[in-house]
Amino acid sequence: MDSWLFVRGAILGFSIAAPVGPIGVLCIRRTLAEGRLVGLLSGLGAATADACYGAVAAFGLTAISSRLIGHQDTLRLVGGIFLLYLGIRTVLAAPVQSLKSGRRRRLLGNYLSTFGLTLTNPTTIFSFIAIFAGLGWAGTASEGYPSAALLVFGVFTGSALWWLILSSGVSVLRGRFSLRVMRWVNRVSGAFIGSFGIVALASLVI
């Protein structure tokens, strides 16, 4: 078993998670509003989904990947609607509630929401399939299930590391924002998240 598989998987997971998209904005906003734990759990939901798609590619589960690709329009529809809903909800969120420190509400819900959003993003599975094929990692299970599992664990660890860094860095700013600033944070981040939903839905008819 190649011990470097974990390192390579971690680098891949970190690289895929790092670009700022709707999940990143959601994580930043939740960290500012409800604290580092909520932001981190939101990121870990995405990291878990990344690991799931990494497992599909590493274990050579072509039946699953083909089914996912075949239903990409449905996934895009569900993800787009959810992003639009989250965007509107974020814009309308009350900054007074957001600034209450120590809130630990809906921890599981925060985790599951980003897990579901990442799973419904067809680009994620395309990215993993393409990268694994390009690097010759597809079907790593042929070298033994422990090797494939180590690679997938590396993907999760790398992705989780990014979310830990992001939530920890953003949490430093928490408490420095006034209610007026938090109101604008909600509006801007909500509009940004909602725009991704609109783009996803528009792609179904264009």
# chains A, B, ... in the order shown; residues from 1 in each chain; ligands from 1
>>> residues_around(residues="Ser189 in chain A", least_positions_apart="5", cutoff="8 Å", atoms="only C-alpha atoms", output="PyMOL selection string")
chain A and resi 25-26+29+87+90-91
>>> residues_around(residues="Leu117 in chain A", least_positions_apart="4", cutoff="7 Å", atoms="only C-alpha atoms", output="list of chain:residue names")
A:Gly79, A:Ser113, A:Asn121
>>> select_by_dssp(residues="chain A", states="helix (DSSP H, G or I)", output="PyMOL selection string")
chain A and resi 4-17+22-34+36-58+62-70+72-92+95-98+107-119+122-134+140-143+145-171+179-202
>>> closest_atom_pairs(of="range 125-189 of chain A", to="range 34-57 of chain A", cutoff="10 Å", atoms="only C-alpha atoms", output="tab-separated table")
residue	atom	partner	partner_atom	distance
A:Ile125	CA	A:Tyr53	CA	5.8
A:Phe126	CA	A:Tyr53	CA	9.3
A:Ser127	CA	A:Tyr53	CA	9.3
A:Phe128	CA	A:Gly54	CA	6.2
A:Ile129	CA	A:Ala57	CA	5.6
A:Ala130	CA	A:Ala57	CA	9.1
A:Ile131	CA	A:Ala57	CA	9.2
A:Phe132	CA	A:Ala57	CA	6.6
A:Ala133	CA	A:Ala57	CA	8.3
A:Trp137	CA	A:Ala57	CA	7.9
A:Ala138	CA	A:Ala57	CA	5.5
A:Gly139	CA	A:Ala57	CA	6.4
A:Thr140	CA	A:Ala57	CA	8.2
A:Ala141	CA	A:Ala57	CA	9.5
A:Ala148	CA	A:Ala55	CA	7.5
A:Ala149	CA	A:Ala55	CA	7.5
A:Leu151	CA	A:Gly54	CA	8.2
A:Val152	CA	A:Ala51	CA	5.7
A:Phe153	CA	A:Ala51	CA	7.0
A:Gly154	CA	A:Ala51	CA	8.5
A:Val155	CA	A:Ala51	CA	5.8
A:Phe156	CA	A:Ala51	CA	5.1
A:Thr157	CA	A:Ala47	CA	7.9
A:Gly158	CA	A:Ala47	CA	8.3
A:Ser159	CA	A:Ala47	CA	5.2
A:Ala160	CA	A:Ala47	CA	5.6
A:Leu161	CA	A:Ala47	CA	9.1
A:Trp162	CA	A:Gly43	CA	8.4
A:Trp163	CA	A:Gly43	CA	5.1
A:Leu164	CA	A:Leu40	CA	5.9
A:Ile165	CA	A:Leu40	CA	8.9
A:Leu166	CA	A:Leu40	CA	8.2
A:Ser167	CA	A:Arg36	CA	5.4
A:Ser168	CA	A:Arg36	CA	6.2
A:Gly169	CA	A:Arg36	CA	8.9
A:Val170	CA	A:Arg36	CA	7.8
A:Ser171	CA	A:Arg36	CA	5.5
A:Val172	CA	A:Arg36	CA	9.0
A:Arg174	CA	A:Gly35	CA	7.4
A:Gly175	CA	A:Gly35	CA	9.6
>>> residues_around(residues="range 19-22 of chain A", least_positions_apart="3", cutoff="9 Å", atoms="only C-alpha atoms", output="ChimeraX atom specification")
/A:15-16,25-27,83,189,192-197
>>> write_last_selection(atoms="N, CA and C atoms", output="mmCIF file, in the first residue's frame")
data_model
loop_
_atom_site.group_PDB
_atom_site.id
_atom_site.type_symbol
_atom_site.label_atom_id
_atom_site.label_comp_id
_atom_site.auth_asym_id
_atom_site.auth_seq_id
_atom_site.Cartn_x
_atom_site.Cartn_y
_atom_site.Cartn_z
ATOM 1 N N SER A 15 -7.293 21.177 -2.695
ATOM 2 C CA SER A 15 -7.349 21.966 -3.932
ATOM 3 C C SER A 15 -8.776 22.116 -4.444
ATOM 4 N N ILE A 16 -9.570 21.059 -4.316
ATOM 5 C CA ILE A 16 -10.946 21.118 -4.790
ATOM 6 C C ILE A 16 -11.808 21.981 -3.874
ATOM 7 N N VAL A 25 -18.883 30.755 0.618
ATOM 8 C CA VAL A 25 -19.575 31.956 1.089
ATOM 9 C C VAL A 25 -20.505 31.603 2.239
ATOM 10 N N LEU A 26 -21.191 30.472 2.117
ATOM 11 C CA LEU A 26 -22.098 30.032 3.178
ATOM 12 C C LEU A 26 -21.336 29.764 4.468
ATOM 13 N N CYS A 27 -20.175 29.134 4.344
ATOM 14 C CA CYS A 27 -19.339 28.842 5.508
ATOM 15 C C CYS A 27 -18.855 30.137 6.171
ATOM 16 N N LEU A 83 -30.170 26.367 -3.277
ATOM 17 C CA LEU A 83 -29.299 27.542 -3.201
ATOM 18 C C LEU A 83 -30.109 28.830 -3.234
ATOM 19 N N SER A 189 -23.892 38.215 0.936
ATOM 20 C CA SER A 189 -23.667 36.769 0.854
ATOM 21 C C SER A 189 -24.913 36.054 0.362
ATOM 22 N N PHE A 192 -25.155 36.526 -3.324
ATOM 23 C CA PHE A 192 -24.127 35.725 -3.987
ATOM 24 C C PHE A 192 -24.556 34.259 -4.054
ATOM 25 N N ILE A 193 -25.048 33.727 -2.930
ATOM 26 C CA ILE A 193 -25.492 32.334 -2.888
ATOM 27 C C ILE A 193 -26.687 32.127 -3.816
ATOM 28 N N GLY A 194 -27.646 33.060 -3.756
ATOM 29 C CA GLY A 194 -28.816 32.948 -4.608
ATOM 30 C C GLY A 194 -28.485 33.008 -6.083
ATOM 31 N N SER A 195 -27.457 33.799 -6.437
ATOM 32 C CA SER A 195 -27.073 33.912 -7.845
ATOM 33 C C SER A 195 -26.576 32.579 -8.395
ATOM 34 N N PHE A 196 -25.901 31.795 -7.565
ATOM 35 C CA PHE A 196 -25.467 30.476 -8.003
ATOM 36 C C PHE A 196 -26.675 29.579 -8.275
ATOM 37 N N GLY A 197 -27.706 29.735 -7.447
ATOM 38 C CA GLY A 197 -28.921 28.961 -7.673
ATOM 39 C C GLY A 197 -29.592 29.345 -8.974
#
>>> atom_distance(atom1="CA of Thr114 in chain A", atom2="CA of Ala93 in chain A")
18.1 Å
>>> closest_residue(among="A:Val78, A:Met182, A:Leu107, A:Leu32", to="Thr120 in chain A", atoms="only C-alpha atoms")
A:Val78
>>> closest_residue(among="A:Ala18, A:Thr124, A:Arg89, A:Ala33", to="Leu75 in chain A", atoms="only C-alpha atoms")
A:Thr124
>>> closest_residue(among="A:Asn186, A:Ser147, A:Ser178, A:Ser203", to="Val7 in chain A", atoms="only C-alpha atoms")
A:Ser147
